[in-house]
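Undergrad: One structure, pasted below without further comment.
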Amino acid sequence: MTEYETILLERRGRVGIITLNRPKALNALNSQLMREVVSVVEELDADSEIGAILITGSERAFAAGADIKEMQPKSYMDVYLDDFFAAWDRLASARTPLIAAVSGYALGGGCELAMLCDVLIASDTAVFGQPEIKLGVIPGIGGSQRLTRAVGKAKAMEMCLTGRNMKVEEAERAGLVSRIVPAADLLDDAIATATTIAEMSLPIAMMAKEAVNRSFESSLSEGVLFERRVFHSAFATEDQKEGMSAFIEKRTPSFRHR
């Protein structure tokens with residue numbers, strides 16, 4: 001079994017669970033953690049026995065940001081030639097649904113990592129923010145783009161320009177968070193949600209994820225047409241036949257993920 005330096009990996013049934021594990025640094029996202037998270041997500045994404053991927057941190061911090069000590073000495077040519085942070089974009093290409101379970105701080109890169117996930121479940125202690133401007137930079141893992149799409153220009157602009165944090169209640173009202181649960185129940189709730197998703201037909205879940213994400217990349221009419229064609233394509237799957245037959249026969253479907 002592969003040993004990791006900055007994360008823990010667990011499999012529960014059809015759910016892959018990635019726990020960020022740099023407690024002394026409040027799970028700050030350094031290059032090693034980025035490589036390990038991206039590599040494991042891609043490995044799980046390619047595994048037909050995995051139907052959902054959960055990413056979580058500690059009770060105190062999901063991830064308090066990128067690793068400032070690692071970044072501080074870098075030059076423009078260092079970050080430009082390395083395309084620093086670009087590996088995180090590969091998470092957006094994962095077809096398997098990604099769930100973030102966020103407790104405590106999710107700031108800077110931590111907020112951006114949470115927003116790379118498809119479902120964001122937060123504890124009542126969660127705090128979100130893009131404080132990069134206080135460091136003399138701007139978000140670099142999609143924060144200015146995904147935050148704006150999630151909460152709107154007014155809040156995103158204010159947060160990026162002032163660096164203020166957003167408490168979880170405001171984050172839920174603004175549409176950043178799927179729902180809030182007590183901190184003590186966060187992991188169990190998130191695993192239950194991931195398990196529910198993983199028990200659905202994997203190809204259909206992938207189609208649903210792709211259709212929702214398409215709404216950010218196309219006009220309404222193009223998005224609706226895309227959805228309808230994907231809906232039509234679902235009728236080519238074995239799981240559509242099983243799902244509708246199970247409904248008519250008043251039984252639980254047994255999806256084959258085909």
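Labels for the structure tokens follow display order: chains A, B, ..., residues from 1 in each chain, ligands from 1.
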For region 59-75 of chain A, please output as a VMD selection string all residues within 7 Å (counting only C-alpha atoms; exclusion window: fewer than 3 positions along the same chain).
TA: chain A and resid 26 to 30 56 78 to 79 102 to 110
Undergrad: Pick out the residues sitting within 9 Å of Gln240 (chain A), and hand them over as an MDAnalysis selection string; count only C-alpha atoms, and ignore anything fewer than 4 positions along from it in its own chain.
TA: chainID A and resid 201 204 234:236 244:245 255
Undergrad: Could you list, with a cut-off of 9 Å and counting only C-alpha atoms, the residues of region 92-171 of chain A near region 206-221 of chain A, each shown with its nearest atom pair and the distance in Å rounded to one decimal, rows sorted by chain and ascending number, as a Markdown table?
TA:
| residue | atom | partner | partner_atom | distance |
| --- | --- | --- | --- | --- |
| A:Arg95 | CA | A:Met206 | CA | 5.6 |
| A:Thr96 | CA | A:Met206 | CA | 6.1 |
| A:Pro97 | CA | A:Lys209 | CA | 7.0 |
| A:Asp118 | CA | A:Lys209 | CA | 7.8 |
| A:Arg149 | CA | A:Phe216 | CA | 8.0 |
Undergrad: Determine, counting only C-alpha atoms, which protein, DNA and RNA residues have an atom within 6 Å of an atom of region 192-195 of chain A; residues of the same chain fewer than 3 positions away are not included. Present the result as a VMD selection string.
TA: chain A and resid 52 189 198
Undergrad: For CA of Ile53 (chain A) and CA of Leu98 (chain A), determine how far apart the two atoms are, in Å to one decimal place.
TA: 4.9 Å
Undergrad: Determine which residues of region 56-195 of chain A DSSP labels as helix (DSSP H, G or I) from the backbone of this structure, then write them out as a PyMOL selection string.
TA: chain A and resi 68-71+76-82+86-93+109-115+131-135+143-151+153-162+168-174+183-195
Undergrad: Looking at only C-alpha atoms, which of A:Pro139, A:Leu176, A:Glu158, A:Arg256 is the one that sits closest to Cys117 (chain A)?
TA: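 Of the candidates, the smallest distance to Cys117 (chain A) is held by A:Leu176.
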Undergrad: Skipping near chain neighbours, those fewer than 6 positions away, what residues fall within 7 Å of region 183-187 of chain A using only C-alpha atoms, listed as an mmCIF file with all heavy atoms, in the first residue's frame?
TA:
data_model
loop_
_atom_site.group_PDB
_atom_site.id
_atom_site.type_symbol
_atom_site.label_atom_id
_atom_site.label_comp_id
_atom_site.auth_asym_id
_atom_site.auth_seq_id
_atom_site.Cartn_x
_atom_site.Cartn_y
_atom_site.Cartn_z
ATOM 1 N N ALA A 101 -15.766 17.998 2.977
ATOM 2 C CA ALA A 101 -16.291 18.094 4.341
ATOM 3 C C ALA A 101 -15.405 19.084 5.073
ATOM 4 O O ALA A 101 -14.252 18.790 5.387
ATOM 5 C CB ALA A 101 -16.277 16.732 5.028
ATOM 6 N N SER A 103 -14.439 21.729 8.086
ATOM 7 C CA SER A 103 -14.560 22.210 9.456
ATOM 8 C C SER A 103 -13.429 23.193 9.713
ATOM 9 O O SER A 103 -12.333 23.049 9.164
ATOM 10 C CB SER A 103 -14.476 21.041 10.443
ATOM 11 O OG SER A 103 -14.842 21.448 11.750
ATOM 12 N N SER A 123 -19.180 22.262 8.641
ATOM 13 C CA SER A 123 -19.569 22.225 10.047
ATOM 14 C C SER A 123 -19.930 23.626 10.502
ATOM 15 O O SER A 123 -19.654 24.622 9.815
ATOM 16 C CB SER A 123 -18.434 21.670 10.910
ATOM 17 O OG SER A 123 -17.480 22.690 11.187
ATOM 18 N N ASP A 124 -20.524 23.713 11.685
ATOM 19 C CA ASP A 124 -20.924 25.019 12.207
ATOM 20 C C ASP A 124 -19.739 25.858 12.681
ATOM 21 O O ASP A 124 -19.916 26.986 13.133
ATOM 22 C CB ASP A 124 -21.958 24.864 13.323
ATOM 23 C CG ASP A 124 -21.533 23.866 14.393
ATOM 24 O OD1 ASP A 124 -20.336 23.481 14.419
ATOM 25 O OD2 ASP A 124 -22.393 23.452 15.197
ATOM 26 N N THR A 125 -18.527 25.324 12.545
ATOM 27 C CA THR A 125 -17.321 26.093 12.887
ATOM 28 C C THR A 125 -16.550 26.556 11.651
ATOM 29 O O THR A 125 -15.508 27.195 11.783
ATOM 30 C CB THR A 125 -16.366 25.250 13.747
ATOM 31 O OG1 THR A 125 -15.867 24.147 12.967
ATOM 32 C CG2 THR A 125 -17.063 24.717 14.992
#
Undergrad: Produce a table with one row for each residue of region 16-73 of chain A that has an atom at most 8 Å from any atom of region 80-89 of chain A, each row naming the nearest atom pair and its distance in Å at one decimal; use only C-alpha atoms; arrange rows by chain and rising residue number; format as CSV.
TA:
residue,atom,partner,partner_atom,distance
A:Met34,CA,A:Trp88,CA,6.8
A:Arg35,CA,A:Ala87,CA,7.4
A:Val38,CA,A:Trp88,CA,6.7
Undergrad: How would the residues just chosen look if you wrote them out with N, CA and C atoms as a short mmCIF file (atom, residue, chain, number, x, y, z; two decimals), in the first residue's frame?
TA:
data_model
loop_
_atom_site.label_atom_id
_atom_site.label_comp_id
_atom_site.auth_asym_id
_atom_site.auth_seq_id
_atom_site.Cartn_x
_atom_site.Cartn_y
_atom_site.Cartn_z
N MET A 34 -0.24 18.85 -2.71
CA MET A 34 -0.92 18.99 -4.00
C MET A 34 -0.69 17.76 -4.86
N ARG A 35 0.55 17.32 -4.96
CA ARG A 35 0.84 16.14 -5.79
C ARG A 35 0.12 14.91 -5.27
N VAL A 38 -3.85 15.23 -5.80
CA VAL A 38 -4.20 15.11 -7.22
C VAL A 38 -3.98 13.68 -7.71
#
Undergrad: Please give the complete set of residues from region 111-256 of chain A that DSSP, run on the backbone, assigns to strand (DSSP E), formatted as a list of chain:residue names.
TA: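 The strand (DSSP E) residues within region 111-256 of chain A come out as A:Val119, A:Leu120, A:Ile121, A:Ala122, A:Ser123, A:Val127, A:Phe128, A:Gly129, A:Asn165, A:Met166, A:Lys167, A:Arg179, A:Ile180, A:Val181.
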Undergrad: Go ahead and dump the residues you just picked, N, CA and C atoms, as a PDB file, in the first residue's frame.
TA:
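As written to disk, part_1.pdb reads:
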ATOM      1  N   VAL A 119     -19.859  18.984  -4.070  1.00  0.00           N
ATOM      2  CA  VAL A 119     -20.761  19.194  -2.931  1.00  0.00           C
ATOM      3  C   VAL A 119     -19.905  19.660  -1.764  1.00  0.00           C
ATOM      4  N   LEU A 120     -20.329  20.732  -1.100  1.00  0.00           N
ATOM      5  CA  LEU A 120     -19.554  21.291   0.013  1.00  0.00           C
ATOM      6  C   LEU A 120     -20.417  21.249   1.268  1.00  0.00           C
ATOM      7  N   ILE A 121     -20.080  20.332   2.161  1.00  0.00           N
ATOM      8  CA  ILE A 121     -20.777  20.216   3.443  1.00  0.00           C
ATOM      9  C   ILE A 121     -19.880  20.812   4.513  1.00  0.00           C
ATOM     10  N   ALA A 122     -20.418  21.721   5.316  1.00  0.00           N
ATOM     11  CA  ALA A 122     -19.604  22.449   6.279  1.00  0.00           C
ATOM     12  C   ALA A 122     -20.115  22.258   7.695  1.00  0.00           C
ATOM     13  N   SER A 123     -19.180  22.262   8.641  1.00  0.00           N
ATOM     14  CA  SER A 123     -19.569  22.225  10.047  1.00  0.00           C
ATOM     15  C   SER A 123     -19.930  23.626  10.502  1.00  0.00           C
ATOM     16  N   VAL A 127     -15.084  28.445   8.443  1.00  0.00           N
ATOM     17  CA  VAL A 127     -14.835  29.838   8.067  1.00  0.00           C
ATOM     18  C   VAL A 127     -14.167  29.837   6.697  1.00  0.00           C
ATOM     19  N   PHE A 128     -14.678  30.662   5.785  1.00  0.00           N
ATOM     20  CA  PHE A 128     -14.160  30.711   4.421  1.00  0.00           C
ATOM     21  C   PHE A 128     -13.578  32.089   4.126  1.00  0.00           C
ATOM     22  N   GLY A 129     -12.604  32.119   3.222  1.00  0.00           N
ATOM     23  CA  GLY A 129     -12.052  33.413   2.859  1.00  0.00           C
ATOM     24  C   GLY A 129     -10.977  33.306   1.791  1.00  0.00           C
ATOM     25  N   ASN A 165     -13.011  37.331   6.120  1.00  0.00           N
ATOM     26  CA  ASN A 165     -13.504  35.965   6.158  1.00  0.00           C
ATOM     27  C   ASN A 165     -15.032  35.937   6.183  1.00  0.00           C
ATOM     28  N   MET A 166     -15.582  34.816   5.747  1.00  0.00           N
ATOM     29  CA  MET A 166     -17.025  34.617   5.718  1.00  0.00           C
ATOM     30  C   MET A 166     -17.374  33.439   6.636  1.00  0.00           C
ATOM     31  N   LYS A 167     -18.179  33.701   7.643  1.00  0.00           N
ATOM     32  CA  LYS A 167     -18.599  32.622   8.529  1.00  0.00           C
ATOM     33  C   LYS A 167     -19.579  31.708   7.802  1.00  0.00           C
ATOM     34  N   ARG A 179     -24.880  22.634   2.856  1.00  0.00           N
ATOM     35  CA  ARG A 179     -25.608  22.682   4.116  1.00  0.00           C
ATOM     36  C   ARG A 179     -24.629  22.684   5.283  1.00  0.00           C
ATOM     37  N   ILE A 180     -25.149  23.041   6.466  1.00  0.00           N
ATOM     38  CA  ILE A 180     -24.344  23.108   7.687  1.00  0.00           C
ATOM     39  C   ILE A 180     -24.770  21.987   8.618  1.00  0.00           C
ATOM     40  N   VAL A 181     -23.790  21.332   9.241  1.00  0.00           N
ATOM     41  CA  VAL A 181     -24.074  20.291  10.234  1.00  0.00           C
ATOM     42  C   VAL A 181     -23.207  20.549  11.466  1.00  0.00           C
TER      43      VAL A 181
END
Undergrad: Tell me which of A:Pro253, A:Pro203, A:Pro182, A:Gly223 sits closest to Thr237 (chain A), counting only C-alpha atoms.
TA: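 Looking only at the distances to Thr237 (chain A), the closest residue turns out to be A:Pro203.
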